[in-house]
>>> print(open('structure17.cif').read())   # mmCIF, C-alpha atoms and all ligand atoms
data_model
loop_
_atom_site.label_atom_id
_atom_site.label_comp_id
_atom_site.auth_asym_id
_atom_site.auth_seq_id
_atom_site.Cartn_x
_atom_site.Cartn_y
_atom_site.Cartn_z
CA MET A 537 133.27 95.06 243.60
CA ARG A 538 133.91 91.54 242.31
CA VAL A 539 131.64 91.43 239.25
CA PHE A 540 130.81 88.26 237.30
CA VAL A 541 129.92 89.00 233.68
CA THR A 542 128.42 86.46 231.29
CA GLY A 543 128.86 87.41 227.64
CA ALA A 544 131.97 89.36 228.67
CA SER A 545 133.58 88.62 225.30
CA GLY A 546 130.58 89.82 223.29
CA TRP A 547 129.81 93.10 221.52
CA ILE A 548 128.22 94.84 224.51
CA GLY A 549 130.05 92.72 227.08
CA SER A 550 133.58 93.60 225.98
CA ALA A 551 132.83 97.34 226.12
CA THR A 552 131.06 96.87 229.46
CA VAL A 553 134.07 95.06 230.89
CA ASP A 554 136.28 98.01 229.91
CA GLU A 555 133.93 100.39 231.76
CA LEU A 556 133.88 98.15 234.83
CA LEU A 557 137.66 97.86 234.93
CA ALA A 558 138.00 101.63 234.52
CA ALA A 559 135.63 102.09 237.47
CA GLY A 560 137.91 99.92 239.62
CA HIS A 561 135.87 96.72 239.68
CA GLU A 562 137.42 93.27 239.67
CA VAL A 563 135.86 91.41 236.77
CA THR A 564 135.43 87.70 236.12
CA GLY A 565 134.05 86.73 232.72
CA LEU A 566 132.35 83.53 231.65
CA ALA A 567 134.22 82.15 228.64
CA ARG A 568 133.23 79.16 226.58
CA SER A 569 136.28 78.98 224.32
CA ASP A 570 140.03 79.42 224.47
CA ALA A 571 139.77 82.46 222.20
CA SER A 572 137.25 84.21 224.44
CA ALA A 573 139.26 83.30 227.56
CA ALA A 574 142.45 84.69 226.02
CA ALA A 575 140.74 87.93 224.97
CA LEU A 576 139.46 88.43 228.52
CA GLN A 577 142.77 87.57 230.17
CA ALA A 578 144.59 90.00 227.88
CA LYS A 579 142.70 92.86 229.48
CA GLY A 580 143.10 91.70 233.06
CA VAL A 581 139.79 89.87 233.44
CA ARG A 582 139.66 86.64 235.41
CA VAL A 583 138.11 83.76 233.51
CA CYS A 584 135.42 81.35 234.61
CA ARG A 585 135.33 78.64 231.95
CA GLY A 586 131.79 77.53 231.19
CA ASP A 587 128.79 77.56 228.96
CA LEU A 588 125.15 78.58 229.14
CA ASP A 589 124.36 74.87 228.95
CA ASP A 590 126.59 74.15 231.95
CA LEU A 591 124.59 75.72 234.75
CA ALA A 592 127.07 74.58 237.40
CA SER A 593 129.72 76.81 235.82
CA ILE A 594 127.36 79.78 235.95
CA ARG A 595 126.46 79.04 239.57
CA ALA A 596 130.15 78.87 240.49
CA GLY A 597 130.80 82.25 238.86
CA VAL A 598 127.84 83.81 240.64
CA GLU A 599 128.73 82.40 244.06
CA ALA A 600 132.23 83.89 243.89
CA ALA A 601 130.94 87.36 242.95
CA GLU A 602 129.43 90.39 244.66
CA ALA A 603 127.45 91.39 241.56
CA VAL A 604 126.35 89.70 238.33
CA ILE A 605 125.83 91.15 234.85
CA HIS A 606 124.23 88.66 232.48
CA LEU A 607 124.82 89.50 228.82
CA ALA A 608 125.44 86.07 227.25
CA ASN A 609 122.92 84.84 224.74
CA LYS A 610 123.06 82.03 222.21
CA HIS A 611 121.45 84.18 219.51
CA ASP A 612 120.55 81.05 217.55
CA TRP A 613 118.19 82.74 215.10
CA SER A 614 117.45 79.40 213.42
CA ASN A 615 116.22 78.05 216.76
CA PRO A 616 114.97 80.93 218.93
CA ALA A 617 113.29 78.48 221.34
CA ALA A 618 116.72 77.04 222.22
CA SER A 619 118.10 80.53 222.89
CA SER A 620 115.09 81.41 225.03
CA ALA A 621 115.29 78.17 227.02
CA ALA A 622 119.00 78.70 227.73
CA GLU A 623 118.33 82.32 228.67
CA ARG A 624 115.59 81.38 231.13
CA ALA A 625 117.63 78.59 232.69
CA ALA A 626 120.62 80.91 233.15
CA VAL A 627 118.49 83.63 234.74
CA GLN A 628 116.85 81.14 237.08
CA THR A 629 120.25 79.74 238.08
CA ILE A 630 121.66 83.21 238.75
CA GLY A 631 118.54 84.33 240.64
CA ASP A 632 118.48 81.21 242.82
CA ALA A 633 122.18 81.56 243.63
CA LEU A 634 121.71 85.22 244.60
CA ALA A 635 118.43 84.87 246.53
CA GLY A 636 118.64 86.49 249.95
CA THR A 637 122.04 88.13 249.31
CA GLY A 638 120.82 91.60 248.26
CA ARG A 639 123.47 91.53 245.54
CA PRO A 640 123.03 93.28 242.18
CA PHE A 641 121.89 91.20 239.21
CA LEU A 642 121.70 93.14 235.94
CA LEU A 643 120.43 91.33 232.86
CA ALA A 644 120.11 92.13 229.19
CA ALA A 645 116.65 92.61 227.71
CA GLY A 646 115.13 94.36 224.71
CA VAL A 647 112.27 96.67 223.77
CA ALA A 648 110.49 94.47 221.22
CA GLY A 649 106.81 93.83 221.85
CA LEU A 650 106.48 96.10 224.88
CA THR A 651 104.00 98.58 223.37
CA LEU A 652 101.86 99.04 220.28
CA GLY A 653 101.79 102.36 218.42
CA ARG A 654 103.91 104.37 220.84
CA PRO A 655 107.50 104.32 222.09
CA ALA A 656 108.16 101.97 224.99
CA ALA A 657 108.97 103.57 228.35
CA GLU A 658 110.63 102.21 231.46
CA SER A 659 107.22 102.11 233.14
CA ASP A 660 105.93 99.61 230.55
CA PRO A 661 106.22 96.15 232.04
CA SER A 662 107.17 93.31 229.75
CA PRO A 663 104.09 91.31 228.68
CA PHE A 664 106.28 88.22 228.35
CA HIS A 665 105.92 85.63 231.08
CA GLY A 666 106.94 82.01 231.10
CA PRO A 667 109.28 79.77 229.16
CA ASP A 668 107.42 79.91 225.85
CA SER A 669 107.58 83.69 225.51
CA PRO A 670 110.32 85.72 223.78
CA ARG A 671 113.67 85.53 225.63
CA GLY A 672 111.99 82.92 227.84
CA GLY A 673 110.22 85.65 229.80
CA SER A 674 113.60 86.26 231.43
CA GLU A 675 113.12 89.95 232.27
CA ASN A 676 110.04 89.30 234.41
CA LEU A 677 111.63 86.20 235.90
CA ALA A 678 114.69 88.21 236.96
CA LEU A 679 112.68 91.14 238.33
CA GLU A 680 110.58 88.74 240.41
CA TYR A 681 113.77 87.93 242.31
CA ALA A 682 113.67 91.48 243.69
CA ASP A 683 111.06 90.10 246.12
CA ARG A 684 113.49 87.34 247.09
CA GLY A 685 116.38 89.50 248.18
CA VAL A 686 118.08 90.06 244.84
CA HIS A 687 118.94 93.55 243.60
CA ALA A 688 117.58 92.79 240.12
CA VAL A 689 117.83 95.40 237.35
CA SER A 690 116.84 95.02 233.73
CA LEU A 691 118.95 96.52 230.93
CA ARG A 692 116.68 97.06 227.95
CA PHE A 693 118.98 97.68 225.00
CA ALA A 694 117.74 99.45 221.89
CA PRO A 695 117.39 97.02 218.96
CA THR A 696 120.60 98.37 217.56
CA VAL A 697 123.61 98.84 219.81
CA HIS A 698 125.71 100.18 216.98
CA GLY A 699 129.28 101.03 216.14
CA ALA A 700 132.25 99.90 214.09
CA GLY A 701 132.66 96.15 214.49
CA ASP A 702 128.97 95.49 215.23
CA HIS A 703 127.84 92.05 214.06
CA GLY A 704 124.25 92.50 215.23
CA PHE A 705 121.00 93.56 213.61
CA ILE A 706 122.20 96.44 211.40
CA ALA A 707 125.09 94.30 210.18
CA ALA A 708 122.54 91.61 209.29
CA ILE A 709 120.39 94.14 207.39
CA ALA A 710 123.46 95.41 205.54
CA ALA A 711 124.41 91.81 204.70
CA VAL A 712 120.96 91.26 203.14
CA ALA A 713 121.42 94.46 201.12
CA ARG A 714 124.79 93.22 199.84
CA ALA A 715 123.41 89.78 199.01
CA LYS A 716 120.36 91.16 197.18
CA ASP A 717 122.07 94.18 195.60
CA VAL A 718 119.37 96.43 197.00
CA SER A 719 118.85 98.14 200.34
CA GLY A 720 115.27 97.45 201.35
CA TYR A 721 112.90 98.82 203.96
CA PRO A 722 109.59 97.32 205.08
CA GLY A 723 106.42 98.81 203.54
CA ASP A 724 106.45 102.62 203.68
CA GLY A 725 109.47 102.54 206.02
CA THR A 726 107.81 104.62 208.73
CA ASN A 727 108.21 102.01 211.46
CA ARG A 728 111.02 103.15 213.73
CA TRP A 729 113.97 101.69 215.58
CA ALA A 730 115.50 103.07 218.75
CA ALA A 731 119.30 103.10 218.77
CA VAL A 732 122.28 103.53 221.07
CA HIS A 733 126.00 103.62 220.45
CA ARG A 734 127.93 100.78 222.09
CA SER A 735 130.04 103.15 224.18
CA ASP A 736 126.92 104.77 225.66
CA ALA A 737 125.32 101.37 226.32
CA ALA A 738 128.40 100.13 228.15
CA ARG A 739 128.57 103.31 230.25
CA LEU A 740 124.92 102.86 231.13
CA VAL A 741 125.54 99.31 232.37
CA ALA A 742 128.32 100.48 234.70
CA LEU A 743 126.15 103.36 235.97
CA GLY A 744 123.23 100.97 236.44
CA LEU A 745 125.41 98.74 238.61
CA ALA A 746 126.42 101.72 240.73
CA LYS A 747 123.10 103.51 241.03
CA ALA A 748 119.93 101.69 239.90
CA PRO A 749 117.49 100.65 242.63
CA ALA A 750 116.29 97.02 242.74
CA GLY A 751 113.44 96.29 240.35
CA THR A 752 114.44 99.08 237.92
CA ARG A 753 114.01 98.77 234.16
CA LEU A 754 116.71 100.83 232.43
CA HIS A 755 116.51 101.89 228.80
CA ALA A 756 119.80 101.95 226.90
CA VAL A 757 118.33 104.21 224.25
CA ALA A 758 119.98 107.31 222.79
CA GLU A 759 117.73 107.87 219.76
CA GLU A 760 114.02 107.29 220.26
CA GLY A 761 113.15 106.11 216.80
CA ILE A 762 114.78 106.23 213.38
CA PRO A 763 112.46 105.39 210.46
CA THR A 764 113.56 102.15 208.80
CA ARG A 765 113.46 103.99 205.48
CA ASP A 766 116.19 106.36 206.74
CA ILE A 767 118.24 103.35 207.87
CA ALA A 768 117.86 101.66 204.47
CA GLU A 769 118.75 104.88 202.64
CA ALA A 770 121.92 105.29 204.70
CA ILE A 771 122.90 101.66 204.05
CA GLY A 772 122.18 102.13 200.34
CA ARG A 773 124.43 105.22 200.22
CA ALA A 774 127.21 103.47 202.18
CA LEU A 775 127.14 100.39 199.96
CA GLY A 776 126.37 102.16 196.69
CA LEU A 777 123.10 100.26 196.26
CA PRO A 778 119.62 101.30 195.17
CA VAL A 779 117.00 101.64 197.90
CA THR A 780 113.53 100.17 197.66
CA SER A 781 110.39 99.39 199.62
CA ILE A 782 109.75 95.71 200.30
CA ALA A 783 106.03 94.88 200.43
CA LEU A 784 105.03 93.89 203.96
CA ASP A 785 103.97 90.43 202.76
CA ASP A 786 107.47 89.88 201.33
CA VAL A 787 109.50 91.20 204.26
CA GLN A 788 110.12 87.79 205.85
CA ASP A 789 111.07 86.26 202.54
CA HIS A 790 113.39 89.12 201.58
CA PHE A 791 115.15 89.69 204.89
CA GLY A 792 114.97 86.21 206.46
CA TRP A 793 115.08 86.10 210.29
CA ILE A 794 115.99 89.78 210.63
CA GLY A 795 112.77 90.67 208.80
CA THR A 796 110.79 89.81 211.93
CA PHE A 797 112.53 92.67 213.73
CA PHE A 798 113.01 95.09 210.81
CA GLY A 799 109.26 95.02 210.20
CA MET A 800 108.46 95.99 213.80
CA ASP A 801 108.07 99.44 215.31
CA LEU A 802 110.77 99.40 218.01
CA ALA A 803 110.80 102.97 219.27
CA ALA A 804 111.60 103.62 222.92
CA THR A 805 112.36 106.52 225.24
CA SER A 806 115.00 106.80 227.98
CA THR A 807 113.97 109.97 229.82
CA VAL A 808 113.53 108.15 233.13
CA THR A 809 116.85 106.31 232.79
CA GLN A 810 118.74 109.49 231.91
CA GLU A 811 117.31 111.32 234.92
CA LEU A 812 117.79 108.41 237.30
CA LEU A 813 121.42 107.74 236.42
CA GLY A 814 122.56 111.13 235.12
CA TRP A 815 123.33 109.25 231.91
CA VAL A 816 123.79 111.42 228.83
CA PRO A 817 124.43 109.57 225.56
CA THR A 818 127.27 111.22 223.64
CA GLY A 819 128.21 108.67 220.96
CA PRO A 820 127.61 108.98 217.22
CA THR A 821 124.10 108.45 215.89
CA LEU A 822 123.22 105.32 213.95
CA ILE A 823 123.10 107.22 210.66
CA ASP A 824 126.50 108.82 211.44
CA ASP A 825 127.95 105.37 212.02
CA ILE A 826 126.50 104.01 208.77
CA ASN A 827 127.65 107.12 206.87
CA THR A 828 131.20 106.83 208.19
CA GLY A 829 131.58 103.20 207.14
CA ALA A 830 130.81 101.19 210.28
CA TYR A 831 128.71 98.81 208.15
CA SER A 832 130.64 99.07 204.89
CA PRO A 833 134.21 98.12 205.76
CA ARG A 834 136.55 98.39 202.81
CA THR A 835 137.70 95.00 201.59
CA PRO A 836 141.42 94.98 200.86
CA THR A 837 142.02 94.68 197.14
CA ALA A 838 144.68 92.45 195.62
CA GLY A 839 147.96 94.11 194.60
N1 LIG A 901 123.56 94.13 220.31
C1 LIG A 901 122.32 94.60 220.33
O1 LIG A 901 121.98 95.46 219.49
C2 LIG A 901 121.32 94.13 221.36
C3 LIG A 901 120.03 94.69 221.36
C4 LIG A 901 119.10 94.27 222.31
C5 LIG A 901 119.46 93.29 223.23
N2 LIG A 901 120.70 92.73 223.17
C6 LIG A 901 121.05 91.69 224.16
O2 LIG A 901 122.21 92.09 224.88
C7 LIG A 901 123.00 90.93 225.21
C8 LIG A 901 124.40 91.11 224.69
O3 LIG A 901 124.31 91.23 223.25
P1 LIG A 901 125.60 91.32 222.33
O4 LIG A 901 125.20 92.09 221.13
O5 LIG A 901 126.79 91.76 223.11
O6 LIG A 901 125.77 89.79 221.90
P2 LIG A 901 127.00 89.07 221.23
O7 LIG A 901 128.01 90.02 220.70
O8 LIG A 901 126.43 88.04 220.29
O9 LIG A 901 127.71 88.30 222.43
C9 LIG A 901 127.10 87.20 223.01
C10 LIG A 901 127.97 86.73 224.17
O10 LIG A 901 127.38 85.52 224.67
C11 LIG A 901 128.36 84.51 224.68
N3 LIG A 901 127.74 83.23 224.41
C12 LIG A 901 127.03 82.86 223.31
N4 LIG A 901 126.64 81.59 223.43
C13 LIG A 901 127.10 81.16 224.63
C14 LIG A 901 127.03 79.92 225.31
N5 LIG A 901 126.41 78.86 224.79
N6 LIG A 901 127.63 79.83 226.52
C15 LIG A 901 128.29 80.89 227.07
N7 LIG A 901 128.38 82.10 226.46
C16 LIG A 901 127.80 82.20 225.26
C17 LIG A 901 129.34 84.88 223.58
O11 LIG A 901 130.57 84.22 223.80
P3 LIG A 901 131.69 84.10 222.64
O12 LIG A 901 132.40 85.42 222.60
O13 LIG A 901 132.56 82.99 223.11
O14 LIG A 901 130.95 83.79 221.36
C18 LIG A 901 129.41 86.39 223.77
O15 LIG A 901 130.27 86.71 224.84
C19 LIG A 901 122.24 89.74 224.63
O16 LIG A 901 121.38 89.21 225.58
C20 LIG A 901 121.44 90.39 223.51
O17 LIG A 901 120.31 89.61 223.12
C21 LIG A 901 121.64 93.14 222.28
#
>>> encode(input="structure17.cif", output="structure tokens")
Amino acid sequence: MRVFVTGASGWIGSATVDELLAAGHEVTGLARSDASAAALQAKGVRVCRGDLDDLASIRAGVEAAEAVIHLANKHDWSNPAASSAAERAAVQTIGDALAGTGRPFLLAAGVAGLTLGRPAAESDPSPFHGPDSPRGGSENLALEYADRGVHAVSLRFAPTVHGAGDHGFIAAIAAVARAKDVSGYPGDGTNRWAAVHRSDAARLVALGLAKAPAGTRLHAVAEEGIPTRDIAEAIGRALGLPVTSIALDDVQDHFGWIGTFFGMDLAATSTVTQELLGWVPTGPTLIDDINTGAYSPRTPTAG
């Protein structure tokens, strides 16, 4: 299939592209810079130059493709509303361009805010609708296109898609630990995070493209929930730092933007996804990755 991937140069996107190429797909990636374009071309990916703010470039990429995987996100944590607005506009553009074609449209989503007090499941619909909601309500917007002749599928990634080279949430938590000389966890540290290794997440995306029915919500989740205290303890060991509880009232102040997420219970299951796709996660656990240095790269020393 000719597959158009936004965010093809990103953390999940670059691994996904490798899976798609290995499965025999012809991949075109949206690239907003020369560096991203060169990285894609080096692995045999066609480039569609463009930006999330240039909807015509996205439309052109979609119209030339037989399937679309949308993974780009501005991730502007200082201005989440701007990221959400761009996300919603991109999803609307892709959905409109695909309406009536029956073509696959897979989009990235998350598990935050889906449930209270229990792990989120695939059967839990997102409560987020409309432009002012998290991620611009993009999951529901995309899935609504299933009624308009689009084979829409949501990819709900665990809050940490981890591995060596990750610059996402766990890297941000480790950076706070380094900056503050202490590895903290929120309150009693019993709130949990689901996790998945990047290789498993990328394999799931390729399987989802091949097998998921329209309207499906897939969970890229290998570990249901790791207590944040365990995560902080592993980071403390890896960085040689003391570990401490951060009072819930101080979490935002201590962790900054990542505190919003680190303070949440973000557990999720993937039983339905595993059965539907025959997907079996095999990558290292989050704690294995932290223990083996994925978040504590050695800095070369002088001499
Ligand atoms: N990683 C996780 O743990 C995780 C968890 C839950 C959900 N997600 C979601 O999964 C998706 C992929 O995440 P990721 O971790 O792979 O993100 P990432 O590594 O930050 O990559 C983001 C991608 O978006 C592209 N991009 C950013 N701003 C853009 C713009 N203005 N125009 C066009 N492209 C732009 C980047 O291009 P450049 O390479 O040129 O910068 C990059 O390819 C996102 O929607 C993310 O929110 C990720």
>>> closest_residue(input="structure17.cif", among="A:Ile782, A:Ala626, A:Leu566, A:Val539", to="ligand LIG 901 (chain A)", atoms="only C-alpha atoms and all ligand atoms")
A:Leu566
>>> closest_residue(input="structure17.cif", among="A:Thr564, A:Ser719, A:Ser550, A:Asn609", to="ligand LIG 901 (chain A)", atoms="all atoms listed in the file")
A:Asn609
>>> closest_residue(input="structure17.cif", among="A:Leu812, A:Ile594, A:Leu634, A:Leu607", to="ligand LIG 901 (chain A)", atoms="all atoms listed in the file")
A:Leu607
>>> residues_near_ligand(input="structure17.cif", ligand="ligand LIG 901 (chain A)", cutoff="7 Å", atoms="all atoms listed in the file", output="PyMOL selection string")
chain A and resi 542-549+566-569+572+586-589+607-611+644-646+692-698+703-705
>>> write_last_selection(input="structure17.cif", atoms="C-alpha atoms", output="PDB file, in the coordinates of the input")
ATOM      1  CA  THR A 542     128.420  86.460 231.290  1.00  0.00           C
ATOM      2  CA  GLY A 543     128.860  87.410 227.640  1.00  0.00           C
ATOM      3  CA  ALA A 544     131.970  89.360 228.670  1.00  0.00           C
ATOM      4  CA  SER A 545     133.580  88.620 225.300  1.00  0.00           C
ATOM      5  CA  GLY A 546     130.580  89.820 223.290  1.00  0.00           C
ATOM      6  CA  TRP A 547     129.810  93.100 221.520  1.00  0.00           C
ATOM      7  CA  ILE A 548     128.220  94.840 224.510  1.00  0.00           C
ATOM      8  CA  GLY A 549     130.050  92.720 227.080  1.00  0.00           C
ATOM      9  CA  LEU A 566     132.350  83.530 231.650  1.00  0.00           C
ATOM     10  CA  ALA A 567     134.220  82.150 228.640  1.00  0.00           C
ATOM     11  CA  ARG A 568     133.230  79.160 226.580  1.00  0.00           C
ATOM     12  CA  SER A 569     136.280  78.980 224.320  1.00  0.00           C
ATOM     13  CA  SER A 572     137.250  84.210 224.440  1.00  0.00           C
ATOM     14  CA  GLY A 586     131.790  77.530 231.190  1.00  0.00           C
ATOM     15  CA  ASP A 587     128.790  77.560 228.960  1.00  0.00           C
ATOM     16  CA  LEU A 588     125.150  78.580 229.140  1.00  0.00           C
ATOM     17  CA  ASP A 589     124.360  74.870 228.950  1.00  0.00           C
ATOM     18  CA  LEU A 607     124.820  89.500 228.820  1.00  0.00           C
ATOM     19  CA  ALA A 608     125.440  86.070 227.250  1.00  0.00           C
ATOM     20  CA  ASN A 609     122.920  84.840 224.740  1.00  0.00           C
ATOM     21  CA  LYS A 610     123.060  82.030 222.210  1.00  0.00           C
ATOM     22  CA  HIS A 611     121.450  84.180 219.510  1.00  0.00           C
ATOM     23  CA  ALA A 644     120.110  92.130 229.190  1.00  0.00           C
ATOM     24  CA  ALA A 645     116.650  92.610 227.710  1.00  0.00           C
ATOM     25  CA  GLY A 646     115.130  94.360 224.710  1.00  0.00           C
ATOM     26  CA  ARG A 692     116.680  97.060 227.950  1.00  0.00           C
ATOM     27  CA  PHE A 693     118.980  97.680 225.000  1.00  0.00           C
ATOM     28  CA  ALA A 694     117.740  99.450 221.890  1.00  0.00           C
ATOM     29  CA  PRO A 695     117.390  97.020 218.960  1.00  0.00           C
ATOM     30  CA  THR A 696     120.600  98.370 217.560  1.00  0.00           C
ATOM     31  CA  VAL A 697     123.610  98.840 219.810  1.00  0.00           C
ATOM     32  CA  HIS A 698     125.710 100.180 216.980  1.00  0.00           C
ATOM     33  CA  HIS A 703     127.840  92.050 214.060  1.00  0.00           C
ATOM     34  CA  GLY A 704     124.250  92.500 215.230  1.00  0.00           C
ATOM     35  CA  PHE A 705     121.000  93.560 213.610  1.00  0.00           C
TER      36      PHE A 705
END
>>> closest_residue(input="structure17.cif", among="A:Gln788, A:Asn727, A:Ser832, A:Asn676", to="Gly653 of chain A", atoms="all atoms listed in the file")
A:Asn727
>>> atom_distance(input="structure17.cif", atom1="atom CA of Gly829 of chain A", atom2="atom CA of Phe797 of chain A")
22.7 Å
>>> residues_around(input="structure17.cif", residues="Gln628 of chain A", least_positions_apart="5", cutoff="9 Å", atoms="only C-alpha atoms", output="PDB file with C-alpha atoms, keeping the file's coordinate frame")
ATOM      1  CA  GLU A 623     118.330  82.320 228.670  1.00  0.00           C
ATOM      2  CA  ALA A 633     122.180  81.560 243.630  1.00  0.00           C
ATOM      3  CA  SER A 674     113.600  86.260 231.430  1.00  0.00           C
ATOM      4  CA  LEU A 677     111.630  86.200 235.900  1.00  0.00           C
ATOM      5  CA  ALA A 678     114.690  88.210 236.960  1.00  0.00           C
TER       6      ALA A 678
END
>>> closest_residue(input="structure17.cif", among="A:Val741, A:Arg671, A:Ala708, A:Pro640", to="Ala559 of chain A", atoms="only C-alpha atoms")
A:Val741
>>> atom_distance(input="structure17.cif", atom1="atom CA of Ile630 of chain A", atom2="atom CA of Asp570 of chain A")
23.6 Å
>>> residues_around(input="structure17.cif", residues="Ala742 of chain A", least_positions_apart="5", cutoff="9 Å", atoms="all atoms listed in the file", output="PyMOL selection string")
chain A and resi 552-553+555-556+559+737+747
>>> closest_residue(input="structure17.cif", among="A:Ala618, A:Ala635, A:Ala700, A:Val712", to="Pro667 of chain A", atoms="all atoms listed in the file")
A:Ala618
>>> residues_around(input="structure17.cif", residues="Asp766 of chain A", least_positions_apart="5", cutoff="10 Å", atoms="only C-alpha atoms", output="list in words")
Tyr721, Gly725, Thr726, Arg728, Ile771, Gly772 and Ile823 of chain A
